[in-house]
$ cat input31.cif   # mmCIF, C-alpha atoms
data_query
#
loop_
_atom_site.label_atom_id
_atom_site.label_comp_id
_atom_site.auth_asym_id
_atom_site.auth_seq_id
_atom_site.Cartn_x
_atom_site.Cartn_y
_atom_site.Cartn_z
CA MET A 1 0.16 -1.58 -24.13
CA VAL A 2 -2.72 -3.66 -22.81
CA ASP A 3 -3.49 -3.67 -19.10
CA ARG A 4 -3.95 -7.33 -18.10
CA ARG A 5 -5.00 -6.75 -14.52
CA GLY A 6 -8.18 -8.51 -13.48
CA ASN A 7 -9.47 -5.44 -11.64
CA PRO A 8 -9.03 -1.91 -13.00
CA ARG A 9 -7.03 0.59 -10.94
CA LYS A 10 -8.46 3.90 -9.80
CA ASN A 11 -6.28 6.92 -9.05
CA TYR A 12 -6.84 7.70 -5.38
CA LYS A 13 -4.54 9.74 -3.14
CA VAL A 14 -5.02 9.62 0.62
CA GLN A 15 -2.63 9.52 3.57
CA VAL A 16 -2.10 6.10 5.16
CA LEU A 17 -0.22 4.69 8.13
CA LEU A 18 1.78 1.58 7.26
CA LYS A 19 2.64 -1.07 9.84
CA LEU A 20 5.03 -3.92 9.07
CA ASN A 21 5.06 -4.90 12.73
CA GLU A 22 4.91 -3.13 16.09
CA ILE A 23 8.30 -1.48 15.53
CA ILE A 24 8.40 -0.61 11.83
CA LYS A 25 5.77 2.01 11.00
CA GLY A 26 5.61 4.91 8.59
CA TYR A 27 3.28 7.24 6.74
CA GLY A 28 2.67 7.30 3.03
CA TYR A 29 0.12 8.07 0.33
CA THR A 30 -1.88 5.77 -1.87
CA LYS A 31 -1.37 6.35 -5.59
CA ASN A 32 -3.97 3.99 -6.97
CA ILE A 33 -6.32 1.31 -5.69
CA SER A 34 -8.30 -1.68 -6.90
CA ILE A 35 -10.38 -4.34 -5.17
CA ASP A 36 -7.36 -6.61 -4.83
CA GLY A 37 -4.45 -4.19 -4.50
CA VAL A 38 -3.04 -0.79 -3.63
CA ARG A 39 0.07 1.13 -4.73
CA ILE A 40 1.61 3.26 -1.98
CA ASN A 41 4.38 5.86 -2.00
CA SER A 42 6.21 6.15 1.34
CA HIS A 43 9.36 8.24 1.54
CA GLU A 44 9.31 7.86 5.34
CA LEU A 45 9.32 4.04 5.29
CA PHE A 46 12.05 3.87 2.65
CA SER A 47 14.17 6.39 4.59
CA PHE A 48 13.83 4.31 7.74
CA LEU A 49 14.67 0.97 6.10
CA GLY A 50 17.31 2.13 3.61
CA GLN A 51 18.23 0.86 0.15
CA THR A 52 18.08 -2.85 1.03
CA ILE A 53 14.36 -2.57 1.73
CA GLU A 54 13.27 -4.94 -1.06
CA ASP A 55 14.98 -8.01 0.39
CA ARG A 56 13.63 -7.23 3.85
CA ILE A 57 9.96 -6.57 3.11
CA LEU A 58 8.99 -8.41 -0.09
CA ASN A 59 6.29 -11.02 0.66
CA LYS A 60 5.79 -9.63 4.18
CA THR A 61 2.38 -8.78 5.64
CA LEU A 62 1.56 -5.08 5.76
CA GLU A 63 -1.28 -3.28 7.53
CA VAL A 64 -2.54 -0.12 5.80
CA ASN A 65 -4.62 2.28 7.93
CA PHE A 66 -6.46 5.00 6.03
CA MET A 67 -6.20 8.29 7.94
CA SER A 68 -9.41 9.82 6.55
CA GLU A 69 -11.52 6.65 6.64
CA THR A 70 -12.44 4.03 9.19
CA LEU A 71 -10.69 1.48 7.04
CA THR A 72 -7.76 -0.86 7.56
CA LEU A 73 -6.38 -3.21 4.92
CA GLN A 74 -4.10 -6.18 5.37
CA GLY A 75 -2.12 -7.69 2.57
CA THR A 76 1.17 -8.95 1.22
CA ILE A 77 3.84 -6.74 -0.31
CA ILE A 78 4.25 -8.08 -3.85
CA HIS A 79 6.40 -5.37 -5.46
CA VAL A 80 8.95 -2.86 -4.17
CA ASP A 81 10.32 0.04 -6.26
CA THR A 82 13.18 1.69 -4.34
CA PHE A 83 13.72 4.37 -7.01
CA GLU A 84 10.11 5.61 -6.82
CA GLU A 85 9.81 4.66 -3.10
CA GLU A 86 6.67 2.66 -3.83
CA LEU A 87 5.11 -0.56 -2.60
CA VAL A 88 2.40 -2.65 -4.22
CA VAL A 89 0.27 -4.60 -1.78
CA SER A 90 -2.03 -7.49 -2.66
CA ILE A 91 -5.06 -7.11 -0.39
CA SER A 92 -6.21 -10.14 1.59
CA GLN A 93 -8.51 -8.50 4.14
CA ALA A 94 -10.41 -5.23 4.66
CA SER A 95 -11.90 -4.09 7.97
CA ASN A 96 -14.89 -2.62 6.11
CA PRO A 97 -15.33 -4.53 2.82
CA ALA A 98 -18.37 -2.51 1.70
CA ARG A 99 -16.48 0.79 2.11
CA TRP A 100 -13.41 -0.61 0.32
CA ILE A 101 -15.54 -1.74 -2.63
CA SER A 102 -17.23 1.68 -2.85
CA LEU A 103 -13.85 3.46 -2.84
CA CYS A 104 -12.57 1.24 -5.65
CA ARG A 105 -15.54 1.96 -7.94
#
$ encode --input "input31.cif" --output "structure tokens"
Amino acid sequence: MVDRRGNPRKNYKVQVLLKLNEIIKGYGYTKNISIDGVRINSHELFSFLGQTIEDRILNKTLEVNFMSETLTLQGTIIHVDTFEEELVVSISQASNPARWISLCR
């Protein structure tokens, strides 16, 4: 199988705080990162939103706050896997672009 992604993914596990809005928040862990995206596992968020999560959050804006870094990402949820309790977020903005680039290398 050939990986056709424009930017290679790097395995990177760190705790993050996810914010869909002021009410819906939850913790999770990154699984892998790249310059333009991040895959996140969040049992807490999926437990809160239930099995119909995909219809409710796909294409919504998500804020990802890294707990161990001074870094916040904003992006759009482009994939939801309810079985694995994972989200894939396409990154549109980083609070510290230089730090984000260094983490992805």
$ residues_around --input "input31.cif" --residues "A:Pro8" --least-positions-apart "6" --cutoff "9 Å" --atoms "all atoms listed in the file" --output "list in words"
Ile33, Ser34, Ile35 and Cys104 of chain A
$ write_last_selection --input "input31.cif" --atoms "C-alpha atoms" --output "mmCIF file, keeping the file's coordinate frame"
data_model
loop_
_atom_site.group_PDB
_atom_site.id
_atom_site.type_symbol
_atom_site.label_atom_id
_atom_site.label_comp_id
_atom_site.auth_asym_id
_atom_site.auth_seq_id
_atom_site.Cartn_x
_atom_site.Cartn_y
_atom_site.Cartn_z
ATOM 1 C CA ILE A 33 -6.320 1.310 -5.690
ATOM 2 C CA SER A 34 -8.300 -1.680 -6.900
ATOM 3 C CA ILE A 35 -10.380 -4.340 -5.170
ATOM 4 C CA CYS A 104 -12.570 1.240 -5.650
#
$ resolve_selection --input "input31.cif" --expression "the PyMOL selection byres ((chain A and resi 21) around 10)" --output "ChimeraX atom specification"
/A:18-20,22-25,60-63
$ atom_distance --input "input31.cif" --atom1 "atom CA of A:Arg9" --atom2 "atom CA of A:Phe48"
28.2 Å
$ resolve_selection --input "input31.cif" --expression "the PyMOL selection byres ((chain A and resi 77) around 9)" --output "PyMOL selection string"
chain A and resi 57-62+75-76+78-80+87-91
$ atom_distance --input "input31.cif" --atom1 "atom CA of A:Glu85" --atom2 "atom CA of A:Thr70"
25.4 Å
$ closest_residue --input "input31.cif" --among "A:Gly28, A:Asn7, A:Leu17, A:Asn96" --to "A:Ser47" --atoms "all atoms listed in the file"
A:Gly28
$ resolve_selection --input "input31.cif" --expression "the PyMOL selection byres ((chain A and resi 93) around 6)" --output "ChimeraX atom specification"
/A:73-74,91-92,94
$ write_last_selection --input "input31.cif" --atoms "C-alpha atoms" --output "PDB file, in the frame of the given file"
ATOM      1  CA  LEU A  73      -6.380  -3.210   4.920  1.00  0.00           C
ATOM      2  CA  GLN A  74      -4.100  -6.180   5.370  1.00  0.00           C
ATOM      3  CA  ILE A  91      -5.060  -7.110  -0.390  1.00  0.00           C
ATOM      4  CA  SER A  92      -6.210 -10.140   1.590  1.00  0.00           C
ATOM      5  CA  ALA A  94     -10.410  -5.230   4.660  1.00  0.00           C
TER       6      ALA A  94
END
$ atom_distance --input "input31.cif" --atom1 "atom CA of A:Asp55" --atom2 "atom CA of A:Gly37"
20.4 Å
$ closest_residue --input "input31.cif" --among "A:Gly6, A:Phe46, A:Val16, A:Thr30" --to "A:Asp81" --atoms "only C-alpha atoms"
A:Phe46
$ axis_aligned_box --input "input31.cif" --around "stretch 73-86 of chain A" --padding-each-side "4 Å" --output "lines of an AutoDock Vina configuration file"
center_x = 3.7
center_y = -1.7
center_z = -0.8
size_x = 28.1
size_y = 22.6
size_z = 20.4
$ closest_residue --input "input31.cif" --among "A:Gly26, A:Asn32, A:Val64, A:His43" --to "A:Lys13" --atoms "all atoms listed in the file"
A:Asn32
$ residues_around --input "input31.cif" --residues "A:Val14" --least-positions-apart "2" --cutoff "12 Å" --atoms "all atoms listed in the file" --output "NGL selection string"
:A and (11-12 or 16-17 or 27-33 or 38-42 or 64-69 or 71 or 103)
$ decode --input "input31.cif" --residues "stretch 21-36 of chain A" --atoms "all heavy atoms" --output "PDB file, in the first residue's frame"
ATOM      1  N   ASN A  21     -16.775  23.700  21.309  1.00  0.00           N
ATOM      2  CA  ASN A  21     -17.352  25.013  21.612  1.00  0.00           C
ATOM      3  C   ASN A  21     -17.163  25.225  23.114  1.00  0.00           C
ATOM      4  O   ASN A  21     -16.419  24.485  23.745  1.00  0.00           O
ATOM      5  CB  ASN A  21     -18.828  25.090  21.184  1.00  0.00           C
ATOM      6  CG  ASN A  21     -19.670  23.980  21.764  1.00  0.00           C
ATOM      7  OD1 ASN A  21     -19.516  23.611  22.935  1.00  0.00           O
ATOM      8  ND2 ASN A  21     -20.563  23.432  20.976  1.00  0.00           N
ATOM      9  N   GLU A  22     -17.825  26.188  23.684  1.00  0.00           N
ATOM     10  CA  GLU A  22     -17.654  26.473  25.113  1.00  0.00           C
ATOM     11  C   GLU A  22     -18.259  25.388  26.012  1.00  0.00           C
ATOM     12  O   GLU A  22     -17.890  25.267  27.167  1.00  0.00           O
ATOM     13  CB  GLU A  22     -18.261  27.829  25.459  1.00  0.00           C
ATOM     14  CG  GLU A  22     -17.487  28.993  24.882  1.00  0.00           C
ATOM     15  CD  GLU A  22     -16.027  29.008  25.327  1.00  0.00           C
ATOM     16  OE1 GLU A  22     -15.750  28.840  26.525  1.00  0.00           O
ATOM     17  OE2 GLU A  22     -15.161  29.193  24.452  1.00  0.00           O
ATOM     18  N   ILE A  23     -19.157  24.594  25.477  1.00  0.00           N
ATOM     19  CA  ILE A  23     -19.834  23.568  26.279  1.00  0.00           C
ATOM     20  C   ILE A  23     -19.204  22.197  26.089  1.00  0.00           C
ATOM     21  O   ILE A  23     -18.973  21.479  27.053  1.00  0.00           O
ATOM     22  CB  ILE A  23     -21.335  23.517  25.937  1.00  0.00           C
ATOM     23  CG1 ILE A  23     -21.974  24.866  26.264  1.00  0.00           C
ATOM     24  CG2 ILE A  23     -22.037  22.377  26.668  1.00  0.00           C
ATOM     25  CD1 ILE A  23     -23.372  25.036  25.741  1.00  0.00           C
ATOM     26  N   ILE A  24     -18.911  21.828  24.857  1.00  0.00           N
ATOM     27  CA  ILE A  24     -18.414  20.483  24.567  1.00  0.00           C
ATOM     28  C   ILE A  24     -16.890  20.486  24.580  1.00  0.00           C
ATOM     29  O   ILE A  24     -16.240  21.033  23.693  1.00  0.00           O
ATOM     30  CB  ILE A  24     -18.958  19.969  23.221  1.00  0.00           C
ATOM     31  CG1 ILE A  24     -20.482  19.970  23.244  1.00  0.00           C
ATOM     32  CG2 ILE A  24     -18.411  18.579  22.923  1.00  0.00           C
ATOM     33  CD1 ILE A  24     -21.122  19.630  21.925  1.00  0.00           C
ATOM     34  N   LYS A  25     -16.335  19.855  25.631  1.00  0.00           N
ATOM     35  CA  LYS A  25     -14.890  19.762  25.812  1.00  0.00           C
ATOM     36  C   LYS A  25     -14.557  18.349  26.258  1.00  0.00           C
ATOM     37  O   LYS A  25     -15.385  17.671  26.852  1.00  0.00           O
ATOM     38  CB  LYS A  25     -14.410  20.745  26.872  1.00  0.00           C
ATOM     39  CG  LYS A  25     -14.695  22.190  26.550  1.00  0.00           C
ATOM     40  CD  LYS A  25     -14.286  23.094  27.692  1.00  0.00           C
ATOM     41  CE  LYS A  25     -14.695  24.522  27.385  1.00  0.00           C
ATOM     42  NZ  LYS A  25     -14.387  25.440  28.476  1.00  0.00           N
ATOM     43  N   GLY A  26     -13.346  17.922  25.998  1.00  0.00           N
ATOM     44  CA  GLY A  26     -12.916  16.613  26.446  1.00  0.00           C
ATOM     45  C   GLY A  26     -11.429  16.435  26.242  1.00  0.00           C
ATOM     46  O   GLY A  26     -10.808  17.136  25.442  1.00  0.00           O
ATOM     47  N   TYR A  27     -10.860  15.490  26.963  1.00  0.00           N
ATOM     48  CA  TYR A  27      -9.437  15.190  26.845  1.00  0.00           C
ATOM     49  C   TYR A  27      -9.236  14.027  25.897  1.00  0.00           C
ATOM     50  O   TYR A  27     -10.125  13.201  25.693  1.00  0.00           O
ATOM     51  CB  TYR A  27      -8.842  14.847  28.216  1.00  0.00           C
ATOM     52  CG  TYR A  27      -8.744  16.041  29.116  1.00  0.00           C
ATOM     53  CD1 TYR A  27      -9.735  16.319  30.044  1.00  0.00           C
ATOM     54  CD2 TYR A  27      -7.656  16.907  29.034  1.00  0.00           C
ATOM     55  CE1 TYR A  27      -9.660  17.428  30.863  1.00  0.00           C
ATOM     56  CE2 TYR A  27      -7.564  18.024  29.852  1.00  0.00           C
ATOM     57  CZ  TYR A  27      -8.570  18.275  30.762  1.00  0.00           C
ATOM     58  OH  TYR A  27      -8.479  19.377  31.560  1.00  0.00           O
ATOM     59  N   GLY A  28      -8.045  13.969  25.332  1.00  0.00           N
ATOM     60  CA  GLY A  28      -7.681  12.880  24.448  1.00  0.00           C
ATOM     61  C   GLY A  28      -6.181  12.825  24.302  1.00  0.00           C
ATOM     62  O   GLY A  28      -5.441  13.539  24.996  1.00  0.00           O
ATOM     63  N   TYR A  29      -5.728  11.973  23.383  1.00  0.00           N
ATOM     64  CA  TYR A  29      -4.310  11.819  23.096  1.00  0.00           C
ATOM     65  C   TYR A  29      -4.093  11.847  21.596  1.00  0.00           C
ATOM     66  O   TYR A  29      -4.866  11.238  20.848  1.00  0.00           O
ATOM     67  CB  TYR A  29      -3.776  10.487  23.639  1.00  0.00           C
ATOM     68  CG  TYR A  29      -3.668  10.459  25.130  1.00  0.00           C
ATOM     69  CD1 TYR A  29      -4.719  10.009  25.915  1.00  0.00           C
ATOM     70  CD2 TYR A  29      -2.504  10.903  25.762  1.00  0.00           C
ATOM     71  CE1 TYR A  29      -4.631  10.005  27.295  1.00  0.00           C
ATOM     72  CE2 TYR A  29      -2.412  10.894  27.143  1.00  0.00           C
ATOM     73  CZ  TYR A  29      -3.467  10.441  27.899  1.00  0.00           C
ATOM     74  OH  TYR A  29      -3.373  10.437  29.264  1.00  0.00           O
ATOM     75  N   THR A  30      -3.047  12.543  21.170  1.00  0.00           N
ATOM     76  CA  THR A  30      -2.694  12.484  19.762  1.00  0.00           C
ATOM     77  C   THR A  30      -2.124  11.092  19.477  1.00  0.00           C
ATOM     78  O   THR A  30      -1.520  10.471  20.354  1.00  0.00           O
ATOM     79  CB  THR A  30      -1.644  13.546  19.389  1.00  0.00           C
ATOM     80  OG1 THR A  30      -0.469  13.325  20.150  1.00  0.00           O
ATOM     81  CG2 THR A  30      -2.180  14.946  19.631  1.00  0.00           C
ATOM     82  N   LYS A  31      -2.332  10.612  18.274  1.00  0.00           N
ATOM     83  CA  LYS A  31      -1.734   9.344  17.843  1.00  0.00           C
ATOM     84  C   LYS A  31      -0.617   9.603  16.855  1.00  0.00           C
ATOM     85  O   LYS A  31       0.443   9.019  16.947  1.00  0.00           O
ATOM     86  CB  LYS A  31      -2.786   8.436  17.226  1.00  0.00           C
ATOM     87  CG  LYS A  31      -3.777   7.922  18.260  1.00  0.00           C
ATOM     88  CD  LYS A  31      -4.692   6.909  17.685  1.00  0.00           C
ATOM     89  CE  LYS A  31      -3.984   5.582  17.608  1.00  0.00           C
ATOM     90  NZ  LYS A  31      -4.844   4.516  17.119  1.00  0.00           N
ATOM     91  N   ASN A  32      -0.909  10.494  15.881  1.00  0.00           N
ATOM     92  CA  ASN A  32       0.126  10.905  14.951  1.00  0.00           C
ATOM     93  C   ASN A  32      -0.170  12.318  14.471  1.00  0.00           C
ATOM     94  O   ASN A  32      -1.293  12.797  14.579  1.00  0.00           O
ATOM     95  CB  ASN A  32       0.306   9.909  13.796  1.00  0.00           C
ATOM     96  CG  ASN A  32      -0.951   9.696  12.999  1.00  0.00           C
ATOM     97  OD1 ASN A  32      -1.607  10.642  12.580  1.00  0.00           O
ATOM     98  ND2 ASN A  32      -1.306   8.445  12.760  1.00  0.00           N
ATOM     99  N   ILE A  33       0.893  12.965  13.969  1.00  0.00           N
ATOM    100  CA  ILE A  33       0.781  14.358  13.554  1.00  0.00           C
ATOM    101  C   ILE A  33       1.490  14.556  12.218  1.00  0.00           C
ATOM    102  O   ILE A  33       2.367  13.778  11.842  1.00  0.00           O
ATOM    103  CB  ILE A  33       1.378  15.321  14.609  1.00  0.00           C
ATOM    104  CG1 ILE A  33       2.861  15.043  14.833  1.00  0.00           C
ATOM    105  CG2 ILE A  33       0.607  15.246  15.910  1.00  0.00           C
ATOM    106  CD1 ILE A  33       3.562  16.036  15.746  1.00  0.00           C
ATOM    107  N   SER A  34       1.097  15.596  11.513  1.00  0.00           N
ATOM    108  CA  SER A  34       1.814  16.077  10.339  1.00  0.00           C
ATOM    109  C   SER A  34       1.571  17.582  10.270  1.00  0.00           C
ATOM    110  O   SER A  34       0.750  18.112  11.016  1.00  0.00           O
ATOM    111  CB  SER A  34       1.331  15.390   9.061  1.00  0.00           C
ATOM    112  OG  SER A  34       0.070  15.874   8.674  1.00  0.00           O
ATOM    113  N   ILE A  35       2.251  18.248   9.384  1.00  0.00           N
ATOM    114  CA  ILE A  35       2.103  19.702   9.263  1.00  0.00           C
ATOM    115  C   ILE A  35       0.652  20.102   9.080  1.00  0.00           C
ATOM    116  O   ILE A  35       0.185  21.077   9.644  1.00  0.00           O
ATOM    117  CB  ILE A  35       2.952  20.227   8.077  1.00  0.00           C
ATOM    118  CG1 ILE A  35       4.432  20.027   8.345  1.00  0.00           C
ATOM    119  CG2 ILE A  35       2.642  21.691   7.777  1.00  0.00           C
ATOM    120  CD1 ILE A  35       4.978  20.833   9.494  1.00  0.00           C
ATOM    121  N   ASP A  36      -0.102  19.309   8.321  1.00  0.00           N
ATOM    122  CA  ASP A  36      -1.476  19.703   7.994  1.00  0.00           C
ATOM    123  C   ASP A  36      -2.563  18.902   8.692  1.00  0.00           C
ATOM    124  O   ASP A  36      -3.742  19.087   8.408  1.00  0.00           O
ATOM    125  CB  ASP A  36      -1.691  19.664   6.481  1.00  0.00           C
ATOM    126  CG  ASP A  36      -1.449  18.288   5.891  1.00  0.00           C
ATOM    127  OD1 ASP A  36      -1.046  17.368   6.627  1.00  0.00           O
ATOM    128  OD2 ASP A  36      -1.661  18.128   4.679  1.00  0.00           O
TER     129      ASP A  36
END
